[in-house]
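Okay, entry_36.pdb now, which holds PDB, C-alpha atoms:
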ATOM      1  CA  GLY W 880      14.270  -3.426  21.929
ATOM      2  CA  GLN W 881      13.822  -5.863  24.797
ATOM      3  CA  GLN W 882      14.414  -9.469  23.879
ATOM      4  CA  LEU W 883      13.716 -12.654  25.780
ATOM      5  CA  ASN W 884      15.982 -15.609  25.054
ATOM      6  CA  GLN W 885      14.114 -18.801  25.780
ATOM      7  CA  SER W 886      15.683 -22.230  25.886
ATOM      8  CA  PRO W 887      15.565 -24.936  24.934
ATOM      9  CA  GLN W 888      13.715 -24.452  21.651
ATOM     10  CA  SER W 889      12.252 -27.928  21.900
ATOM     11  CA  MET W 890      12.226 -30.930  24.187
ATOM     12  CA  PHE W 891      11.215 -34.515  23.645
ATOM     13  CA  ILE W 892      10.771 -36.424  26.878
ATOM     14  CA  GLN W 893       9.213 -39.550  28.294
ATOM     15  CA  GLU W 894       6.069 -39.408  30.371
ATOM     16  CA  GLY W 895       6.934 -39.083  34.036
ATOM     17  CA  GLU W 896      10.135 -37.122  33.498
ATOM     18  CA  ASP W 897      10.705 -33.658  34.886
ATOM     19  CA  VAL W 898      11.198 -30.697  32.559
ATOM     20  CA  SER W 899      13.080 -27.445  32.970
ATOM     21  CA  MET W 900      13.116 -24.429  30.688
ATOM     22  CA  ASN W 901      14.348 -20.917  31.161
ATOM     23  CA  CYS W 902      14.208 -17.423  29.854
ATOM     24  CA  THR W 903      16.910 -14.776  30.037
ATOM     25  CA  SER W 904      17.225 -11.169  29.049
ATOM     26  CA  SER W 905      19.714  -8.357  29.199
ATOM     27  CA  SER W 906      16.898  -6.171  30.545
ATOM     28  CA  ILE W 907      15.485  -6.062  34.042
ATOM     29  CA  PHE W 908      11.805  -6.848  34.490
ATOM     30  CA  ASN W 909       9.398  -6.426  37.372
ATOM     31  CA  THR W 910       7.142  -9.233  36.203
ATOM     32  CA  TRP W 911       7.674 -12.578  34.542
ATOM     33  CA  LEU W 912       4.857 -14.588  33.040
ATOM     34  CA  TRP W 913       4.686 -18.127  31.729
ATOM     35  CA  TYR W 914       2.085 -19.120  29.130
ATOM     36  CA  LYS W 915       1.211 -22.399  27.444
ATOM     37  CA  GLN W 916      -0.233 -22.630  23.956
ATOM     38  CA  ASP W 917      -2.040 -25.751  22.787
ATOM     39  CA  PRO W 918      -2.496 -26.379  19.063
ATOM     40  CA  GLY W 919      -5.257 -24.198  17.655
ATOM     41  CA  GLU W 920      -5.587 -22.226  20.853
ATOM     42  CA  GLY W 921      -4.379 -18.943  22.224
ATOM     43  CA  PRO W 922      -1.726 -18.741  24.941
ATOM     44  CA  VAL W 923      -3.037 -19.440  28.420
ATOM     45  CA  LEU W 924      -1.424 -17.957  31.507
ATOM     46  CA  LEU W 925       0.158 -20.577  33.757
ATOM     47  CA  ILE W 926       2.077 -18.619  36.358
ATOM     48  CA  ALA W 927       2.730 -14.946  37.081
ATOM     49  CA  LEU W 928       5.746 -13.802  39.102
ATOM     50  CA  TYR W 929       5.950 -10.334  40.578
ATOM     51  CA  LYS W 930       8.954 -10.306  42.893
ATOM     52  CA  ALA W 931      12.621 -11.122  42.463
ATOM     53  CA  GLY W 932      13.399 -14.493  44.025
ATOM     54  CA  GLU W 933       9.736 -15.476  44.094
ATOM     55  CA  LEU W 934       8.984 -19.160  43.693
ATOM     56  CA  THR W 935       5.412 -19.968  42.697
ATOM     57  CA  SER W 936       3.702 -23.273  42.006
ATOM     58  CA  ASN W 937       0.621 -24.201  40.048
ATOM     59  CA  GLY W 938       0.058 -27.926  40.431
ATOM     60  CA  ARG W 939       3.012 -29.732  38.903
ATOM     61  CA  LEU W 940       4.393 -26.463  37.553
ATOM     62  CA  THR W 941       6.862 -24.342  39.462
ATOM     63  CA  ALA W 942       8.319 -21.069  38.261
ATOM     64  CA  GLN W 943      10.942 -18.808  39.722
ATOM     65  CA  PHE W 944      11.684 -15.130  39.245
ATOM     66  CA  GLY W 945      15.462 -14.816  39.052
ATOM     67  CA  ILE W 946      17.155 -12.795  41.739
ATOM     68  CA  THR W 947      18.819 -10.580  39.132
ATOM     69  CA  ARG W 948      15.358  -9.875  37.624
ATOM     70  CA  LYS W 949      16.813 -10.783  34.243
ATOM     71  CA  ASP W 950      15.696 -14.384  34.112
ATOM     72  CA  SER W 951      13.015 -16.866  35.010
ATOM     73  CA  PHE W 952      12.678 -20.627  35.121
ATOM     74  CA  LEU W 953       9.773 -23.002  34.655
ATOM     75  CA  ASN W 954       9.828 -26.575  35.886
ATOM     76  CA  ILE W 955       7.249 -29.256  35.184
ATOM     77  CA  SER W 956       7.374 -32.316  37.366
ATOM     78  CA  ALA W 957       6.178 -35.828  36.464
ATOM     79  CA  SER W 958       5.171 -34.840  32.929
ATOM     80  CA  ILE W 959       2.016 -36.269  31.368
ATOM     81  CA  PRO W 960       0.899 -36.383  27.719
ATOM     82  CA  SER W 961      -1.375 -33.347  28.101
ATOM     83  CA  ASP W 962       1.667 -31.231  28.952
ATOM     84  CA  VAL W 963       2.428 -31.211  25.234
ATOM     85  CA  GLY W 964       2.409 -27.728  23.776
ATOM     86  CA  ILE W 965       4.470 -24.601  23.388
ATOM     87  CA  TYR W 966       5.550 -22.815  26.547
ATOM     88  CA  PHE W 967       6.289 -19.109  26.377
ATOM     89  CA  CYS W 968       7.904 -16.794  28.816
ATOM     90  CA  ALA W 969       6.761 -13.200  28.663
ATOM     91  CA  ALA W 970       7.548  -9.947  30.356
ATOM     92  CA  PRO W 971       5.867  -6.577  30.189
ATOM     93  CA  ALA W 972       7.432  -3.485  28.735
ATOM     94  CA  ALA W 973       5.203  -1.182  30.690
ATOM     95  CA  SER W 974       5.581   2.507  29.981
ATOM     96  CA  GLY W 975       3.313   3.781  32.664
ATOM     97  CA  GLY W 976      -0.406   4.267  33.084
ATOM     98  CA  SER W 977      -2.461   1.638  31.362
ATOM     99  CA  ASN W 978       0.125   0.994  28.674
ATOM    100  CA  TYR W 979       1.138  -2.602  28.694
ATOM    101  CA  LYS W 980       3.099  -4.474  26.068
ATOM    102  CA  LEU W 981       4.164  -8.049  26.514
ATOM    103  CA  THR W 982       7.370  -9.268  24.969
ATOM    104  CA  PHE W 983       7.387 -13.008  24.395
ATOM    105  CA  GLY W 984      10.171 -15.512  24.133
ATOM    106  CA  LYS W 985      10.293 -17.697  21.022
ATOM    107  CA  GLY W 986       8.793 -20.587  22.957
ATOM    108  CA  THR W 987       9.773 -24.095  23.994
ATOM    109  CA  LEU W 988       7.999 -26.899  22.157
ATOM    110  CA  LEU W 989       7.424 -29.768  24.550
ATOM    111  CA  THR W 990       6.636 -33.254  23.316
ATOM    112  CA  VAL W 991       5.828 -35.987  25.826
ATOM    113  CA  ASN W 992       6.109 -39.586  24.749
ATOM    114  CA  PRO W 993       3.560 -41.790  26.568
TER     115      PRO W 993
ATOM    116  CA  ASP J 121     -12.400 -20.722  27.484
ATOM    117  CA  SER J 122     -10.694 -17.385  28.179
ATOM    118  CA  GLY J 123     -13.840 -15.350  27.555
ATOM    119  CA  VAL J 124     -12.208 -13.480  24.658
ATOM    120  CA  THR J 125     -14.029 -14.115  21.380
ATOM    121  CA  GLN J 126     -12.466 -13.671  17.980
ATOM    122  CA  THR J 127     -13.987 -13.939  14.524
ATOM    123  CA  PRO J 128     -13.419 -15.282  11.978
ATOM    124  CA  LYS J 129     -11.384 -18.291  13.086
ATOM    125  CA  HIS J 130      -9.993 -18.844   9.620
ATOM    126  CA  LEU J 131      -9.736 -16.556   6.611
ATOM    127  CA  ILE J 132      -8.198 -17.021   3.191
ATOM    128  CA  THR J 133      -7.830 -14.005   0.955
ATOM    129  CA  ALA J 134      -5.816 -12.784  -1.991
ATOM    130  CA  THR J 135      -2.923 -10.367  -2.042
ATOM    131  CA  GLY J 136      -3.958  -6.747  -2.221
ATOM    132  CA  GLN J 137      -7.228  -7.365  -0.424
ATOM    133  CA  ARG J 138      -8.435  -5.950   2.881
ATOM    134  CA  VAL J 139      -9.818  -7.895   5.832
ATOM    135  CA  THR J 140     -11.258  -7.056   9.219
ATOM    136  CA  LEU J 141     -10.735  -9.198  12.290
ATOM    137  CA  ARG J 142     -13.111  -8.803  15.191
ATOM    138  CA  CYS J 143     -12.620  -9.247  18.914
ATOM    139  CA  SER J 144     -14.959  -9.192  21.895
ATOM    140  CA  PRO J 145     -13.046  -8.863  25.165
ATOM    141  CA  ARG J 146     -13.894 -10.584  28.415
ATOM    142  CA  SER J 147     -16.834  -9.047  30.186
ATOM    143  CA  GLY J 148     -15.648  -6.005  32.120
ATOM    144  CA  ASP J 149     -12.224  -5.794  30.498
ATOM    145  CA  LEU J 150     -11.352  -2.324  29.268
ATOM    146  CA  SER J 151      -8.065  -3.085  27.531
ATOM    147  CA  VAL J 152      -7.776  -4.896  24.234
ATOM    148  CA  TYR J 153      -4.491  -5.983  22.693
ATOM    149  CA  TRP J 154      -3.675  -7.344  19.264
ATOM    150  CA  TYR J 155      -0.783  -9.732  18.668
ATOM    151  CA  GLN J 156       0.553 -11.382  15.539
ATOM    152  CA  GLN J 157       2.062 -14.857  15.667
ATOM    153  CA  SER J 158       4.177 -16.136  12.798
ATOM    154  CA  LEU J 159       6.766 -18.873  12.544
ATOM    155  CA  ASP J 160       9.671 -16.536  11.989
ATOM    156  CA  GLN J 161       8.740 -13.650  14.298
ATOM    157  CA  GLY J 162       6.951 -15.478  17.090
ATOM    158  CA  LEU J 163       4.371 -13.548  19.093
ATOM    159  CA  GLN J 164       4.613  -9.834  18.365
ATOM    160  CA  PHE J 165       2.642  -7.079  20.044
ATOM    161  CA  LEU J 166       0.806  -4.902  17.548
ATOM    162  CA  ILE J 167      -1.369  -2.418  19.397
ATOM    163  CA  GLN J 168      -3.316  -1.773  22.593
ATOM    164  CA  TYR J 169      -6.574   0.067  23.171
ATOM    165  CA  TYR J 170      -7.962   1.093  26.517
ATOM    166  CA  ASN J 171     -11.573   2.176  26.846
ATOM    167  CA  GLY J 172     -11.719   3.265  23.238
ATOM    168  CA  GLU J 173      -8.393   5.050  23.037
ATOM    169  CA  GLU J 174      -5.137   3.872  21.554
ATOM    170  CA  ARG J 175      -2.618   3.433  24.364
ATOM    171  CA  ALA J 176       0.407   1.629  22.987
ATOM    172  CA  LYS J 177       1.807   0.672  19.624
ATOM    173  CA  GLY J 178       4.169  -2.108  18.793
ATOM    174  CA  ASN J 179       5.355  -3.541  15.508
ATOM    175  CA  ILE J 180       2.218  -2.639  13.594
ATOM    176  CA  LEU J 181       2.519  -1.876   9.911
ATOM    177  CA  GLU J 182       1.035   1.308   8.465
ATOM    178  CA  ARG J 183      -1.226  -0.900   6.322
ATOM    179  CA  PHE J 184      -2.802  -2.163   9.543
ATOM    180  CA  SER J 185      -5.131  -0.216  11.778
ATOM    181  CA  ALA J 186      -7.341  -0.957  14.725
ATOM    182  CA  GLN J 187     -10.082   0.612  16.758
ATOM    183  CA  GLN J 188     -12.057  -0.055  19.901
ATOM    184  CA  PHE J 189     -15.746   0.767  19.901
ATOM    185  CA  PRO J 190     -17.937   2.129  22.740
ATOM    186  CA  ASP J 191     -19.138  -1.387  23.540
ATOM    187  CA  LEU J 192     -15.409  -2.254  23.960
ATOM    188  CA  HIS J 193     -15.192  -4.697  21.086
ATOM    189  CA  SER J 194     -12.267  -4.122  18.770
ATOM    190  CA  GLU J 195     -11.481  -4.574  15.105
ATOM    191  CA  LEU J 196      -8.132  -5.008  13.400
ATOM    192  CA  ASN J 197      -8.103  -3.906   9.782
ATOM    193  CA  LEU J 198      -5.436  -5.303   7.484
ATOM    194  CA  SER J 199      -5.185  -3.750   4.031
ATOM    195  CA  SER J 200      -3.120  -4.190   0.870
ATOM    196  CA  LEU J 201      -2.402  -7.681   2.102
ATOM    197  CA  GLU J 202       0.864  -9.366   1.237
ATOM    198  CA  LEU J 203       1.875 -13.005   1.427
ATOM    199  CA  GLY J 204       3.971 -12.233   4.480
ATOM    200  CA  ASP J 205       0.908 -11.092   6.392
ATOM    201  CA  SER J 206      -0.219 -14.700   6.678
ATOM    202  CA  ALA J 207      -0.200 -15.388  10.394
ATOM    203  CA  LEU J 208      -2.281 -16.067  13.446
ATOM    204  CA  TYR J 209      -3.708 -12.865  14.882
ATOM    205  CA  PHE J 210      -4.597 -12.904  18.538
ATOM    206  CA  CYS J 211      -6.731 -10.545  20.500
ATOM    207  CA  ALA J 212      -6.273 -10.365  24.251
ATOM    208  CA  SER J 213      -7.959  -8.407  26.991
ATOM    209  CA  SER J 214      -7.348  -7.395  30.547
ATOM    210  CA  HIS J 215      -8.860  -5.456  33.376
ATOM    211  CA  LEU J 216      -6.362  -3.219  35.100
ATOM    212  CA  THR J 217      -7.308  -4.262  38.585
ATOM    213  CA  GLU J 218      -6.054  -7.765  37.791
ATOM    214  CA  GLY J 219      -2.506  -6.610  37.418
ATOM    215  CA  ASN J 220      -0.153  -7.642  34.721
ATOM    216  CA  THR J 221      -2.097 -10.538  33.220
ATOM    217  CA  ILE J 222      -3.912 -10.651  29.939
ATOM    218  CA  TYR J 223      -6.197 -13.286  28.478
ATOM    219  CA  PHE J 224      -5.935 -14.409  24.887
ATOM    220  CA  GLY J 225      -8.628 -15.414  22.452
ATOM    221  CA  GLU J 226      -8.252 -18.441  20.192
ATOM    222  CA  GLY J 227      -6.949 -16.381  17.320
ATOM    223  CA  SER J 228      -7.864 -15.672  13.713
ATOM    224  CA  TRP J 229      -5.823 -17.609  11.216
ATOM    225  CA  LEU J 230      -5.198 -15.469   8.125
ATOM    226  CA  THR J 231      -3.837 -16.989   4.952
ATOM    227  CA  VAL J 232      -2.954 -14.659   2.098
ATOM    228  CA  VAL J 233      -2.611 -16.364  -1.290
TER     229      VAL J 233
END
Translate this file's structure into structure tokens.
Amino acid sequence: GQQLNQSPQSMFIQEGEDVSMNCTSSSIFNTWLWYKQDPGEGPVLLIALYKAGELTSNGRLTAQFGITRKDSFLNISASIPSDVGIYFCAAPAASGGSNYKLTFGKGTLLTVNP
Amino acid sequence: DSGVTQTPKHLITATGQRVTLRCSPRSGDLSVYWYQQSLDQGLQFLIQYYNGEERAKGNILERFSAQQFPDLHSELNLSSLELGDSALYFCASSHLTEGNTIYFGEGSWLTVV
């Protein structure tokens, strides 16, 4: 089946540093999504990308849809302690109609040291 | 708050037992999805319902079943529970006109002992 390879698995950074993480696959996708999960919460959508080459920002977060449609990148600038959490990439394995299955990467655990 | 409500938040039960997890989607959302999150498997899609009908199946065991009721709430039934079924079970919902985005509830944490 489709698999998303997310890296790095974890990051430990100092407050104020920039962060980069990425997701790759051998499959081509038409949509890339980035979610964040806080402890005890469900994943929350951060950014959705719908077009190859698209670069989209949400505050200090910027994500890009790779031109090959097989990868995506998420950057966080000037990290703050509340950025701590697990970041997931996800892509849909749509099979038409209203069918919609999201495949998730294994996640990147981000720790920010104040 | 995503607007997706799940109950119970925590559940501890013994092996061999059966439990039911409940989900109320966001107002107006017709699609409900169930996901399982475990340390070794990550987030895995289980099943999707749309307006009461099953629409897609993922890695859902035969011991598990789900349904979506006329009021659009959904239940996930887990039977003959095994230790390995311990996980966080998420419900998510979406409305098709919003494209490819779904909204997750806070999850139901199941511990099988």
Next on the checklist: Select, as a PyMOL selection string, those residues of chain J with any atom no more than 12 Å from chain W (distances computed using all atoms listed in the file).
Outcome noted: chain J and resi 121-126+129-130+150-171+173-179+208-229
Checklist entry - Using all atoms listed in the file, which residue out of W:Leu988, W:Ala957, W:Ala972, W:Ala942 lies closest to Gln893 in chain W? => result W:Ala957
Next on the checklist: Here's the selection I'm unsure about, the PyMOL selection byres ((chain W and resi 901) around 9); applied to the file above, which residues does it give, as a PyMOL selection string?
Outcome noted: chain W and resi 884-887+899-900+902-903+950-954+968
Checklist entry - Do you know which residues lie at most 7 Å from (15.1, -10.8, 31.7), with coordinates as in the file and only C-alpha atoms counted, and could you write them as a PyMOL selection string? => result chain W and resi 883+902-908+948-950
Item to check | Nearest to Gly895 in chain W, chosen from W:Leu989, W:Ile965, W:Ile959, W:Leu934, with all atoms listed in the file counted in the distances | outcome: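 The closest residue to Gly895 in chain W is W:Ile959.
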Next on the checklist: Please report the interatomic distance between CA of Gly945 in chain W and CA of Asp962 in chain W in Å with one decimal.
Outcome noted: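 Between CA of Gly945 in chain W and CA of Asp962 in chain W the gap is 23.7 Å.
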Next on the checklist: Can you spell out as number ranges by chain the set of residues that the PyMOL selection byres ((chain J and resi 140) around 7) selects in the structure I just provided?
Outcome noted: J: 139, 141-142, 195-198
Give me a file of those residues, with C-alpha atoms, as a PDB file, keeping the file's coordinate frame.
ATOM      1  CA  VAL J 139      -9.818  -7.895   5.832  1.00  0.00           C
ATOM      2  CA  LEU J 141     -10.735  -9.198  12.290  1.00  0.00           C
ATOM      3  CA  ARG J 142     -13.111  -8.803  15.191  1.00  0.00           C
ATOM      4  CA  GLU J 195     -11.481  -4.574  15.105  1.00  0.00           C
ATOM      5  CA  LEU J 196      -8.132  -5.008  13.400  1.00  0.00           C
ATOM      6  CA  ASN J 197      -8.103  -3.906   9.782  1.00  0.00           C
ATOM      7  CA  LEU J 198      -5.436  -5.303   7.484  1.00  0.00           C
TER       8      LEU J 198
END
Item to check | Length of the CA of Leu131 in chain J to CA of Ser200 in chain J vector [Å] | outcome: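 Between these atoms lies a distance of 15.2 Å.
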Checklist entry - Any chance you could work out the residue set of the PyMOL selection byres ((chain J and resi 183) around 10) here, as a count of residues only? => result 11
Next on the checklist: Between CA of Pro145 in chain J and CA of Val232 in chain J, what is the distance in Å, rounded to a tenth?
Outcome noted: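 Between these atoms lies a distance of 25.8 Å.
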Just give me the residues with any atom within 7 Å of (11.4, -14.4, 43.6), file coordinates, counting all atoms listed in the file, written as a CSV table (one decimal) with C-alpha atoms, in the coordinates of the input.
chain,number,residue,atom,x,y,z
W,930,LYS,CA,9.0,-10.3,42.9
W,931,ALA,CA,12.6,-11.1,42.5
W,932,GLY,CA,13.4,-14.5,44.0
W,933,GLU,CA,9.7,-15.5,44.1
W,934,LEU,CA,9.0,-19.2,43.7
W,943,GLN,CA,10.9,-18.8,39.7
W,944,PHE,CA,11.7,-15.1,39.2
W,945,GLY,CA,15.5,-14.8,39.1
W,946,ILE,CA,17.2,-12.8,41.7
Checklist entry - From the list W:Leu925, W:Gln882, W:Glu894, W:Lys915, which residue is nearest Thr987 in chain W when using all atoms listed in the file? => result W:Lys915
Checklist entry - Within 8 Å of Leu203 in chain J, counting only C-alpha atoms, which residues qualify if same-chain residues fewer than 3 places away don't, as a ChimeraX atom specification? => result /J:135,206,231-233
